[in-house]
$ cat protein_13.tsv   # TSV, C-alpha atoms and all ligand atoms
chain	number	residue	atom	x	y	z
A	1	MET	CA	231.90	222.86	209.49
A	2	SER	CA	235.40	222.46	210.87
A	3	LEU	CA	236.87	218.98	211.24
A	4	THR	CA	240.08	217.79	212.91
A	5	LEU	CA	241.43	214.55	211.48
A	6	ASN	CA	243.56	212.34	213.71
A	7	ILE	CA	246.41	210.79	211.74
A	8	ALA	CA	248.59	208.07	213.31
A	9	THR	CA	251.98	209.06	211.88
A	10	PHE	CA	254.94	206.67	211.64
A	11	GLN	CA	258.05	208.41	210.33
A	12	GLY	CA	260.06	205.19	210.63
A	13	ASP	CA	263.60	204.61	209.36
A	14	GLY	CA	266.05	205.82	206.70
A	15	ILE	CA	264.42	208.35	204.38
A	16	GLY	CA	261.05	207.84	206.13
A	17	PRO	CA	261.18	211.04	208.26
A	18	ASP	CA	262.30	213.17	205.26
A	19	VAL	CA	259.47	212.06	202.98
A	20	ILE	CA	256.79	212.15	205.69
A	21	ASN	CA	257.75	215.67	206.78
A	22	SER	CA	257.66	216.83	203.17
A	23	ALA	CA	254.19	215.31	202.61
A	24	ILE	CA	252.79	216.76	205.84
A	25	GLU	CA	253.87	220.29	204.84
A	26	ILE	CA	252.14	219.87	201.50
A	27	ILE	CA	248.94	218.35	202.94
A	28	GLU	CA	248.75	221.24	205.46
A	29	LYS	CA	249.21	223.84	202.73
A	30	ALA	CA	246.62	222.28	200.39
A	31	SER	CA	244.17	221.96	203.29
A	32	ASN	CA	244.60	225.62	204.24
A	33	ALA	CA	243.31	226.45	200.77
A	34	VAL	CA	239.99	224.72	201.53
A	35	SER	CA	238.09	225.65	204.67
A	36	GLY	CA	237.57	223.68	207.84
A	37	LEU	CA	240.17	220.94	207.58
A	38	ASN	CA	242.69	220.48	210.41
A	39	TYR	CA	245.03	217.68	211.44
A	40	GLU	CA	246.37	216.17	214.60
A	41	TRP	CA	249.54	214.36	213.53
A	42	ASN	CA	249.84	211.75	216.25
A	43	TYR	CA	253.49	210.56	216.02
A	44	ILE	CA	254.21	206.95	216.93
A	45	GLU	CA	257.72	205.55	217.29
A	46	ALA	CA	258.37	202.31	215.43
A	47	GLY	CA	260.85	200.57	213.18
A	48	ALA	CA	264.40	199.27	213.10
A	49	SER	CA	266.09	202.19	214.93
A	50	TYR	CA	263.44	202.06	217.63
A	51	TYR	CA	263.94	198.28	217.92
A	52	GLN	CA	267.69	198.79	218.40
A	53	LYS	CA	267.01	201.16	221.29
A	54	THR	CA	264.19	199.29	222.97
A	55	GLY	CA	263.83	195.72	221.67
A	56	MET	CA	260.27	196.58	220.54
A	57	ASP	CA	259.18	197.26	216.95
A	58	VAL	CA	256.38	199.67	217.93
A	59	GLU	CA	256.07	201.85	221.04
A	60	PRO	CA	253.72	200.53	223.75
A	61	ASP	CA	250.13	201.44	222.86
A	62	GLY	CA	251.28	202.39	219.33
A	63	GLU	CA	249.03	199.84	217.64
A	64	LYS	CA	246.08	200.91	219.79
A	65	LYS	CA	246.67	204.55	218.82
A	66	ALA	CA	246.84	203.52	215.16
A	67	SER	CA	243.61	201.55	215.43
A	68	GLU	CA	241.82	204.59	216.90
A	69	ALA	CA	243.10	207.08	214.31
A	70	ASP	CA	241.12	208.24	211.26
A	71	ALA	CA	243.99	207.06	209.06
A	72	ILE	CA	247.57	205.80	209.35
A	73	PHE	CA	250.40	207.57	207.49
A	74	LEU	CA	253.78	205.86	207.27
A	75	GLY	CA	257.19	206.81	205.82
A	76	ALA	CA	259.31	203.66	205.62
A	77	ILE	CA	260.21	200.97	208.12
A	78	GLY	CA	263.20	198.60	208.31
A	79	LEU	CA	266.97	198.70	207.89
A	80	PRO	CA	268.97	195.85	206.34
A	81	THR	CA	271.49	195.93	209.21
A	82	VAL	CA	268.88	195.40	211.92
A	83	ARG	CA	267.34	191.96	212.29
A	84	LYS	CA	265.44	190.04	214.96
A	85	LYS	CA	267.10	186.99	216.54
A	86	ASP	CA	265.39	184.70	213.98
A	87	GLY	CA	266.91	186.74	211.12
A	88	THR	CA	263.67	188.43	210.03
A	89	GLU	CA	263.31	192.15	209.30
A	90	ILE	CA	261.68	194.67	211.60
A	91	ALA	CA	258.35	195.02	209.81
A	92	PRO	CA	255.42	195.86	212.11
A	93	HIS	CA	253.60	197.44	209.15
A	94	LEU	CA	253.23	193.97	207.59
A	95	ARG	CA	251.49	192.86	210.78
A	96	PHE	CA	249.12	195.84	210.48
A	97	ARG	CA	247.81	194.49	207.16
A	98	GLU	CA	246.38	191.47	208.91
A	99	LYS	CA	245.52	193.13	212.21
A	100	PHE	CA	243.54	195.95	210.57
A	101	ASN	CA	242.33	193.72	207.71
A	102	LEU	CA	243.78	196.00	205.01
A	103	TYR	CA	242.84	193.77	202.10
A	104	ALA	CA	242.85	196.34	199.27
A	105	GLY	CA	246.35	197.50	198.27
A	106	VAL	CA	245.91	200.43	195.87
A	107	ARG	CA	249.02	201.16	193.79
A	108	PRO	CA	248.55	203.82	191.12
A	109	VAL	CA	250.94	204.02	188.17
A	110	LYS	CA	250.82	207.24	186.17
A	111	ALA	CA	253.18	208.73	183.62
A	112	TYR	CA	254.00	212.44	184.08
A	113	LYS	CA	255.55	214.66	181.45
A	114	ASN	CA	259.33	215.14	181.62
A	115	THR	CA	259.83	211.95	183.67
A	116	PRO	CA	261.78	209.02	182.21
A	117	GLN	CA	259.77	207.19	179.53
A	118	ARG	CA	260.97	203.58	179.53
A	119	LEU	CA	258.90	202.69	176.45
A	120	SER	CA	259.59	204.31	173.09
A	121	ASP	CA	255.91	204.17	171.99
A	122	LYS	CA	254.34	207.65	172.08
A	123	ASN	CA	251.28	206.19	173.84
A	124	ALA	CA	253.44	205.62	176.94
A	125	GLU	CA	252.68	209.18	178.08
A	126	LYS	CA	249.04	208.04	178.55
A	127	ILE	CA	249.90	205.35	181.13
A	128	ASP	CA	247.48	205.74	184.04
A	129	PHE	CA	246.42	202.54	185.79
A	130	VAL	CA	246.05	201.07	189.28
A	131	VAL	CA	247.34	197.72	190.48
A	132	LEU	CA	244.85	196.59	193.12
A	133	ARG	CA	246.75	194.02	195.14
A	134	GLU	CA	245.01	191.83	197.71
A	135	CYS	CA	247.14	192.22	200.85
A	136	THR	CA	246.01	189.74	203.51
A	137	GLU	CA	245.97	186.29	201.91
A	138	GLY	CA	247.08	184.77	198.58
A	139	LEU	CA	250.65	183.45	198.64
A	140	PHE	CA	251.61	185.80	201.49
A	141	TYR	CA	249.20	184.04	203.84
A	142	THR	CA	252.00	181.73	204.97
A	143	ALA	CA	254.75	184.36	205.00
A	144	ALA	CA	257.03	184.41	208.02
A	145	VAL	CA	254.94	187.00	209.81
A	146	HIS	CA	252.11	184.46	210.13
A	147	ASN	CA	254.24	181.36	210.82
A	148	ARG	CA	251.78	179.32	208.81
A	149	ASN	CA	254.14	177.64	206.39
A	150	LYS	CA	254.87	173.95	206.68
A	151	ILE	CA	258.56	173.25	207.20
A	152	ALA	CA	258.89	169.48	206.90
A	153	ASN	CA	262.69	169.44	207.17
A	154	ASN	CA	265.75	171.24	205.82
A	155	ASP	CA	264.90	170.22	202.27
A	156	GLU	CA	261.13	170.65	202.09
A	157	VAL	CA	259.01	173.72	202.76
A	158	GLU	CA	255.45	174.43	201.66
A	159	ASP	CA	253.73	177.79	201.28
A	160	ILE	CA	250.10	177.83	200.26
A	161	MET	CA	247.96	180.15	198.14
A	162	ARG	CA	244.83	181.02	200.14
A	163	ILE	CA	241.84	182.62	198.43
A	164	THR	CA	238.57	183.10	200.34
A	165	ARG	CA	235.15	184.14	199.05
A	166	ASN	CA	234.78	186.66	201.87
A	167	THR	CA	237.93	188.68	201.11
A	168	THR	CA	237.73	188.24	197.33
A	169	THR	CA	234.13	189.51	197.19
A	170	ARG	CA	235.11	192.67	199.07
A	171	LEU	CA	238.22	193.11	196.91
A	172	HIS	CA	236.35	192.85	193.58
A	173	ASN	CA	233.62	195.19	194.83
A	174	PHE	CA	236.37	197.65	195.82
A	175	ALA	CA	237.87	197.33	192.32
A	176	PHE	CA	234.61	198.17	190.55
A	177	LYS	CA	233.83	201.09	192.89
A	178	LEU	CA	237.35	202.43	192.31
A	179	ALA	CA	236.81	202.17	188.53
A	180	GLU	CA	233.51	204.07	188.89
A	181	LYS	CA	235.31	206.90	190.72
A	182	ARG	CA	238.08	206.96	188.13
A	183	LYS	CA	235.53	207.03	185.30
A	184	GLN	CA	233.98	210.13	186.90
A	185	LYS	CA	237.43	211.73	186.68
A	186	GLY	CA	237.57	210.99	182.92
A	187	LYS	CA	239.66	207.80	183.10
A	188	LEU	CA	238.85	204.54	181.27
A	189	GLY	CA	236.51	202.99	183.87
A	190	LYS	CA	237.49	199.38	183.32
A	191	VAL	CA	238.47	196.46	185.60
A	192	THR	CA	240.73	193.61	184.55
A	193	CYS	CA	240.93	190.48	186.70
A	194	VAL	CA	244.54	189.23	186.56
A	195	ASP	CA	244.93	185.61	187.64
A	196	LYS	CA	246.15	182.12	186.82
A	197	ALA	CA	242.69	180.53	186.71
A	198	ASN	CA	243.76	178.03	184.06
A	199	VAL	CA	246.13	176.28	186.49
A	200	PHE	CA	245.24	176.85	190.15
A	201	LYS	CA	241.87	176.07	191.77
A	202	SER	CA	242.34	178.99	194.17
A	203	GLN	CA	242.78	181.29	191.18
A	204	ALA	CA	239.74	179.79	189.43
A	205	LEU	CA	237.69	180.78	192.49
A	206	PHE	CA	239.17	184.30	192.32
A	207	ARG	CA	237.98	184.64	188.69
A	208	LYS	CA	234.60	182.96	189.36
A	209	ILE	CA	233.80	185.56	192.03
A	210	PHE	CA	234.92	188.34	189.67
A	211	ASN	CA	232.52	187.09	186.99
A	212	GLU	CA	229.68	186.95	189.52
A	213	ILE	CA	230.26	190.52	190.70
A	214	LYS	CA	230.86	192.25	187.37
A	215	ASP	CA	227.14	192.17	186.47
A	216	ASP	CA	226.42	194.48	189.43
A	217	PHE	CA	228.45	197.19	187.64
A	218	PRO	CA	227.08	197.32	184.08
A	219	ASN	CA	228.60	200.78	183.45
A	220	ILE	CA	232.14	199.44	183.99
A	221	GLU	CA	233.92	197.36	181.36
A	222	ALA	CA	235.22	194.05	182.78
A	223	ASP	CA	237.75	191.64	181.34
A	224	THR	CA	240.19	188.96	182.47
A	225	CYS	CA	243.83	188.19	181.71
A	226	TYR	CA	246.28	185.52	182.86
A	227	VAL	CA	249.14	186.99	184.89
A	228	ASP	CA	251.88	185.84	182.51
A	229	ALA	CA	250.06	187.46	179.57
A	230	MET	CA	249.64	190.60	181.67
A	231	ALA	CA	253.42	190.85	182.22
A	232	LEU	CA	253.70	190.93	178.42
A	233	ASN	CA	250.80	193.38	177.94
A	234	LEU	CA	252.17	195.80	180.54
A	235	ILE	CA	255.22	196.25	178.32
A	236	ARG	CA	253.33	196.15	175.00
A	237	GLN	CA	250.29	198.35	175.74
A	238	PRO	CA	250.03	199.43	179.41
A	239	TRP	CA	247.94	202.48	178.39
A	240	GLU	CA	244.99	200.15	177.67
A	241	TYR	CA	244.47	199.28	181.35
A	242	ASP	CA	242.71	201.06	184.19
A	243	VAL	CA	242.08	199.03	187.39
A	244	MET	CA	243.77	195.63	187.54
A	245	VAL	CA	242.72	193.42	190.44
A	246	MET	CA	244.87	190.49	191.55
A	247	GLU	CA	246.15	188.18	194.27
A	248	ASN	CA	248.90	189.26	196.67
A	249	ILE	CA	252.16	188.06	195.06
A	250	PHE	CA	251.02	188.91	191.51
A	251	GLY	CA	250.29	192.45	192.75
A	252	ASP	CA	253.64	192.63	194.52
A	253	ILE	CA	255.47	191.86	191.30
A	254	LEU	CA	253.37	193.78	188.76
A	255	SER	CA	253.24	196.94	190.88
A	256	ASP	CA	257.07	197.13	190.86
A	257	LEU	CA	256.98	196.63	187.09
A	258	GLY	CA	254.48	199.51	186.98
A	259	GLY	CA	256.78	201.72	189.10
A	260	GLY	CA	259.60	201.00	186.68
A	261	LEU	CA	257.45	201.99	183.67
A	262	VAL	CA	256.97	205.53	184.96
A	263	GLY	CA	260.22	206.50	186.61
A	264	GLY	CA	261.14	204.63	189.76
A	265	MET	CA	260.11	203.72	193.29
A	266	GLY	CA	260.11	207.39	194.34
A	267	MET	CA	256.90	207.79	192.28
A	268	ALA	CA	255.18	204.65	193.63
A	269	ALA	CA	252.32	205.61	195.95
A	270	CYS	CA	250.35	203.08	197.97
A	271	GLY	CA	247.19	202.87	200.05
A	272	GLU	CA	246.24	199.75	202.03
A	273	ILE	CA	242.56	199.94	202.76
A	274	GLY	CA	240.09	197.82	204.72
A	275	ASP	CA	236.49	198.33	205.78
A	276	ASN	CA	237.47	200.22	208.98
A	277	HIS	CA	241.10	201.31	208.61
A	278	GLY	CA	243.40	202.77	205.96
A	279	LEU	CA	247.23	202.88	205.89
A	280	PHE	CA	249.02	205.11	203.39
A	281	GLN	CA	252.72	204.86	202.60
A	282	PRO	CA	255.10	205.00	199.66
A	283	ALA	CA	255.65	201.56	198.08
A	284	HIS	CA	259.42	201.98	198.46
A	285	GLY	CA	261.57	201.04	201.44
A	286	SER	CA	263.79	203.13	203.73
A	287	ALA	CA	266.50	203.52	201.03
A	288	PRO	CA	269.47	203.45	203.47
A	289	ASP	CA	271.88	204.20	200.61
A	290	ILE	CA	270.54	207.78	200.40
A	291	MET	CA	269.41	208.39	203.98
A	292	GLY	CA	270.54	211.65	205.56
A	293	LYS	CA	271.55	213.05	202.14
A	294	ASN	CA	268.39	215.03	201.31
A	295	LYS	CA	268.20	213.06	198.06
A	296	ALA	CA	264.94	211.15	198.47
A	297	ASN	CA	262.15	211.79	196.01
A	298	PRO	CA	259.18	212.61	198.29
A	299	LEU	CA	256.55	212.33	195.53
A	300	ALA	CA	255.47	208.74	196.30
A	301	THR	CA	254.70	209.81	199.86
A	302	ILE	CA	252.99	213.04	198.79
A	303	LEU	CA	250.80	211.09	196.32
A	304	SER	CA	250.04	208.54	199.07
A	305	GLY	CA	249.02	211.47	201.28
A	306	SER	CA	246.70	212.72	198.55
A	307	MET	CA	245.14	209.23	198.36
A	308	MET	CA	244.72	209.38	202.14
A	309	LEU	CA	242.75	212.61	201.76
A	310	GLU	CA	240.38	210.95	199.24
A	311	TYR	CA	239.90	208.07	201.67
A	312	LEU	CA	239.16	210.50	204.53
A	313	ALA	CA	236.69	212.42	202.36
A	314	ASP	CA	234.56	209.25	202.10
A	315	LYS	CA	235.17	207.95	205.60
A	316	LYS	CA	234.52	211.23	207.42
A	317	ASN	CA	232.07	212.60	204.87
A	318	CYS	CA	234.15	215.74	204.28
A	319	PRO	CA	234.26	216.73	200.59
A	320	GLN	CA	236.89	219.41	201.37
A	321	ALA	CA	239.44	216.60	201.75
A	322	ASN	CA	238.76	215.62	198.11
A	323	GLU	CA	239.35	219.24	197.11
A	324	ALA	CA	242.68	219.29	198.99
A	325	ALA	CA	243.69	216.02	197.25
A	326	LEU	CA	242.91	217.55	193.87
A	327	ILE	CA	244.97	220.66	194.68
A	328	ILE	CA	247.97	218.42	195.42
A	329	GLU	CA	247.51	216.31	192.27
A	330	ASN	CA	247.14	219.40	190.08
A	331	ALA	CA	250.26	221.01	191.58
A	332	ILE	CA	252.30	217.88	190.82
A	333	GLU	CA	250.90	217.62	187.28
A	334	GLU	CA	251.65	221.30	186.62
A	335	GLY	CA	255.12	220.94	188.15
A	336	PHE	CA	256.03	218.10	185.79
A	337	ASN	CA	254.35	219.74	182.78
A	338	LYS	CA	256.52	222.85	183.28
A	339	ASN	CA	259.62	220.78	184.11
A	340	LEU	CA	259.77	222.38	187.55
A	341	LEU	CA	260.07	219.03	189.36
A	342	ARG	CA	263.40	217.33	188.67
A	343	PRO	CA	264.17	214.75	191.41
A	344	PHE	CA	267.72	213.43	191.83
A	345	GLU	CA	266.15	210.00	191.43
A	346	PHE	CA	265.77	210.50	187.65
A	347	GLY	CA	269.11	212.24	187.21
A	348	GLY	CA	267.63	215.65	188.05
A	349	ASP	CA	269.11	218.39	190.21
A	350	MET	CA	266.54	218.76	193.01
A	351	SER	CA	266.79	217.60	196.63
A	352	THR	CA	263.92	216.50	198.86
A	353	THR	CA	263.56	220.02	200.28
A	354	GLU	CA	263.75	221.69	196.85
A	355	ILE	CA	260.97	219.44	195.49
A	356	THR	CA	258.89	220.23	198.59
A	357	PHE	CA	259.37	224.02	198.27
A	358	GLN	CA	258.51	223.87	194.58
A	359	ILE	CA	255.22	222.06	195.20
A	360	LEU	CA	254.37	224.44	198.07
A	361	ASP	CA	254.98	227.28	195.65
A	362	LEU	CA	252.76	225.70	192.98
A	363	ILE	CA	249.95	225.34	195.52
A	364	LYS	CA	250.21	229.04	196.30
B	401	LIG	P1	261.84	197.27	200.96
B	401	LIG	O1	262.14	195.81	200.74
B	401	LIG	O2	261.88	197.71	202.38
B	401	LIG	O3	260.64	197.76	200.20
B	401	LIG	P2	263.93	197.68	199.07
B	401	LIG	O4	265.03	196.78	199.51
B	401	LIG	O5	263.05	197.22	197.94
B	401	LIG	O6	263.04	198.06	200.31
B	401	LIG	P3	264.21	200.50	198.72
B	401	LIG	O7	264.50	201.01	200.07
B	401	LIG	O8	262.84	200.73	198.19
B	401	LIG	O9	264.62	198.98	198.66
B	401	LIG	O10	265.26	201.08	197.70
B	401	LIG	C1	265.51	200.50	196.42
B	401	LIG	C2	266.30	201.49	195.58
B	401	LIG	O11	265.43	202.57	195.20
B	401	LIG	C3	267.46	202.13	196.33
B	401	LIG	O12	268.54	202.35	195.45
B	401	LIG	C4	266.92	203.44	196.80
B	401	LIG	O13	267.88	204.45	196.98
B	401	LIG	C5	265.92	203.81	195.70
B	401	LIG	N1	264.81	204.56	196.25
B	401	LIG	C6	263.79	204.07	196.99
B	401	LIG	N2	262.96	205.05	197.34
B	401	LIG	C7	263.44	206.19	196.82
B	401	LIG	C8	263.04	207.56	196.85
B	401	LIG	N3	261.93	207.95	197.48
B	401	LIG	N4	263.78	208.47	196.20
B	401	LIG	C9	264.89	208.11	195.55
B	401	LIG	N5	265.33	206.85	195.47
B	401	LIG	C10	264.62	205.89	196.11
$ encode --input "protein_13.tsv" --output "structure tokens" --more "lines below"
Ligand code: ATP
Amino acid sequence: MSLTLNIATFQGDGIGPDVINSAIEIIEKASNAVSGLNYEWNYIEAGASYYQKTGMDVEPDGEKKASEADAIFLGAIGLPTVRKKDGTEIAPHLRFREKFNLYAGVRPVKAYKNTPQRLSDKNAEKIDFVVLRECTEGLFYTAAVHNRNKIANNDEVEDIMRITRNTTTRLHNFAFKLAEKRKQKGKLGKVTCVDKANVFKSQALFRKIFNEIKDDFPNIEADTCYVDAMALNLIRQPWEYDVMVMENIFGDILSDLGGGLVGGMGMAACGEIGDNHGLFQPAHGSAPDIMGKNKANPLATILSGSMMLEYLADKKNCPQANEAALIIENAIEEGFNKNLLRPFEFGGDMSTTEITFQILDLIK
């Protein structure tokens, strides 16, 4: 059966168009290798450059188009030189998290051969975990985009940490189901709840709900760790972790640490998933320092695209999309194993287009 998937596509700013175009070529090629999978890339204008031209951060009807799509694919949005009158960045994608209720931020961290190993321990080549970051509440609940913080005066500002049973229950269930899928692929199959339950009541609720849910998944190992201890453990023995589930700001910080462990931001893929919508984008920004130079590492976006295919396989009940995702992952693994992928980002000699051609070749 042939299926056409409608993808709301935001190329955005800086290196965004370069990395999105690279990923689309690769998704198309991998999908041609499995039958019956087609795409309608529905381009939507948004971001800092668009704001400069029009005064709007997304084209009219852009959010409606995104809400109707099967998935949202985004390059990078925002430029440091472009600000709104109140000084804030152009960041419509942060609004999407709340609008589309994208509570589960999936940030995989995997070590590939021939990429920089930041840790001298030989086990570092086994690093393969996911930071599952809650994306709609926690300490970001009062971030500027929501205008919910309490500004008493020039010297006193309060942000609050919001944890709800509703979101946390869905998040922990997502974590265990993700661990089940990873276990089927031969990974550890373990969930660690990362929190600060010994200090904050909101965090104690987060852990309480975790402990209630874990019994529904007896085949998955479950443990808990305070966030400060986890910062230590992620340097000492990151290879011992699989899925780590945590509140918004903890996930923001530990996922960057994870990116650093395995190379850099050009390897950091990201999926933001809710019950009805999914947004896939690299975890890095628009990297204005290298824009227009063909120097961006497109792998974070390609890996985000592969995660999008896995999401679509479940959502649209099309197993071919899982096959296409596997083709992409295998090509990248083979490319690194044979030292055929050498991004400028790690001191290599390959441009965005050279990396793209190499992966296309490996798929062939
Ligand atoms: P944001 O706050 O929007 O996430 P940022 O300020 O954290 O962005 P990035 O745009 O992610 O910054 O860039 C941080 C550094 O990482 C820059 O030096 C940039 O060139 C580099 N970088 C980011 N993405 C890539 C990439 N795909 N390939 C190569 N280098 C990258």
$ closest_residue --input "protein_13.tsv" --among "A:Ser286, A:Arg148, A:Arg162, A:Glu25" --to "Asp361 in chain A" --atoms "all atoms listed in the file"
A:Glu25
$ residues_around --input "protein_13.tsv" --residues "Gln281 in chain A" --least-positions-apart "6" --cutoff "9 Å" --atoms "all atoms listed in the file" --output "ChimeraX atom specification"
/A:20,72-76,269-272,300-301,304-305
$ closest_residue --input "protein_13.tsv" --among "A:Ala321, A:Leu205, A:Leu119, A:Leu341" --to "Ala30 in chain A" --atoms "only C-alpha atoms"
A:Ala321
$ atom_distance --input "protein_13.tsv" --atom1 "CA of Glu240 in chain A" --atom2 "CA of Ala331 in chain A"
25.6 Å
$ atom_distance --input "protein_13.tsv" --atom1 "CA of Glu334 in chain A" --atom2 "CA of Met308 in chain A"
20.8 Å
$ atom_distance --input "protein_13.tsv" --atom1 "CA of Val58 in chain A" --atom2 "CA of Asn147 in chain A"
19.8 Å
$ closest_residue --input "protein_13.tsv" --among "A:Glu345, A:Glu137, A:Asp70, A:Asp314" --to "Thr164 in chain A" --atoms "all atoms listed in the file"
A:Glu137
$ axis_aligned_box --input "protein_13.tsv" --around "ligand LIG 401 (chain B)" --padding-each-side "8 Å" --output "JSON"
{"center_x": 264.6, "center_y": 202.1, "center_z": 198.8, "size_x": 23.9, "size_y": 28.7, "size_z": 23.2}
$ residues_near_ligand --input "protein_13.tsv" --ligand "ligand LIG 401 (chain B)" --cutoff "6 Å" --atoms "all atoms listed in the file" --output "PyMOL selection string"
chain A and resi 265-266+284-287+289-290+296-298+345
$ residues_around --input "protein_13.tsv" --residues "Asn6 in chain A" --least-positions-apart "5" --cutoff "9 Å" --atoms "all atoms listed in the file" --output "mmCIF file with C-alpha atoms, in the coordinates of the input"
data_model
loop_
_atom_site.group_PDB
_atom_site.id
_atom_site.type_symbol
_atom_site.label_atom_id
_atom_site.label_comp_id
_atom_site.auth_asym_id
_atom_site.auth_seq_id
_atom_site.Cartn_x
_atom_site.Cartn_y
_atom_site.Cartn_z
ATOM 1 C CA ASN A 38 242.690 220.480 210.410
ATOM 2 C CA TYR A 39 245.030 217.680 211.440
ATOM 3 C CA GLU A 40 246.370 216.170 214.600
ATOM 4 C CA TRP A 41 249.540 214.360 213.530
ATOM 5 C CA ASN A 42 249.840 211.750 216.250
ATOM 6 C CA GLU A 68 241.820 204.590 216.900
ATOM 7 C CA ALA A 69 243.100 207.080 214.310
ATOM 8 C CA ASP A 70 241.120 208.240 211.260
ATOM 9 C CA ALA A 71 243.990 207.060 209.060
ATOM 10 C CA ILE A 72 247.570 205.800 209.350
#
$ closest_residue --input "protein_13.tsv" --among "A:Gln52, A:Asn198, A:Thr192, A:Asn154" --to "Phe129 in chain A" --atoms "all atoms listed in the file"
A:Thr192
$ residues_around --input "protein_13.tsv" --residues "Asn149 in chain A" --least-positions-apart "3" --cutoff "8 Å" --atoms "all atoms listed in the file" --output "list in words"
Thr142, Ala143, Ala144, Val157, Glu158, Asp159 and Ile160 of chain A
$ residues_near_point --input "protein_13.tsv" --point "(258.3, 208.8, 215.2)" --cutoff "12 Å" --atoms "only C-alpha atoms" --output "PyMOL selection string"
chain A and resi 8-14+16-18+20-21+41-50+57-59+62+73-77
$ closest_residue --input "protein_13.tsv" --among "A:Met1, A:Ile90, A:Ile363, A:Ala175" --to "Met246 in chain A" --atoms "all atoms listed in the file"
A:Ala175
$ residues_around --input "protein_13.tsv" --residues "Asn211 in chain A" --least-positions-apart "2" --cutoff "10 Å" --atoms "all atoms listed in the file" --output "ChimeraX atom specification"
/A:172,193,205-209,213-216,222-224
$ build_atoms --input "protein_13.tsv" --residues "range 151-155 of chain A" --atoms "all heavy atoms" --output "tab-separated table (two decimals), keeping the file's coordinate frame"
chain	number	residue	atom	x	y	z
A	151	ILE	N	257.15	173.57	207.41
A	151	ILE	CA	258.56	173.25	207.20
A	151	ILE	C	258.76	171.80	207.60
A	151	ILE	O	258.82	171.47	208.79
A	151	ILE	CB	259.46	174.20	208.03
A	151	ILE	CG1	259.12	175.66	207.65
A	151	ILE	CG2	260.93	173.89	207.81
A	151	ILE	CD1	259.86	176.71	208.41
A	152	ALA	N	258.80	170.91	206.61
A	152	ALA	CA	258.89	169.48	206.90
A	152	ALA	C	260.29	169.16	207.43
A	152	ALA	O	260.45	168.47	208.44
A	152	ALA	CB	258.61	168.67	205.64
A	153	ASN	N	261.30	169.65	206.77
A	153	ASN	CA	262.69	169.44	207.17
A	153	ASN	C	263.54	170.45	206.41
A	153	ASN	O	263.00	171.37	205.79
A	153	ASN	CB	263.13	167.99	206.87
A	153	ASN	CG	262.84	167.64	205.41
A	153	ASN	OD1	263.20	168.40	204.51
A	153	ASN	ND2	262.17	166.52	205.19
A	154	ASN	N	264.84	170.28	206.46
A	154	ASN	CA	265.75	171.24	205.82
A	154	ASN	C	265.58	171.33	204.32
A	154	ASN	O	266.01	172.29	203.69
A	154	ASN	CB	267.21	170.84	206.10
A	154	ASN	CG	267.69	171.50	207.38
A	154	ASN	OD1	267.06	172.46	207.84
A	154	ASN	ND2	268.77	170.98	207.94
A	155	ASP	N	264.97	170.29	203.73
A	155	ASP	CA	264.90	170.22	202.27
A	155	ASP	C	263.49	170.40	201.71
A	155	ASP	O	263.30	170.34	200.51
A	155	ASP	CB	265.44	168.86	201.79
A	155	ASP	CG	266.85	168.63	202.28
A	155	ASP	OD1	267.65	169.57	202.19
A	155	ASP	OD2	267.12	167.54	202.82
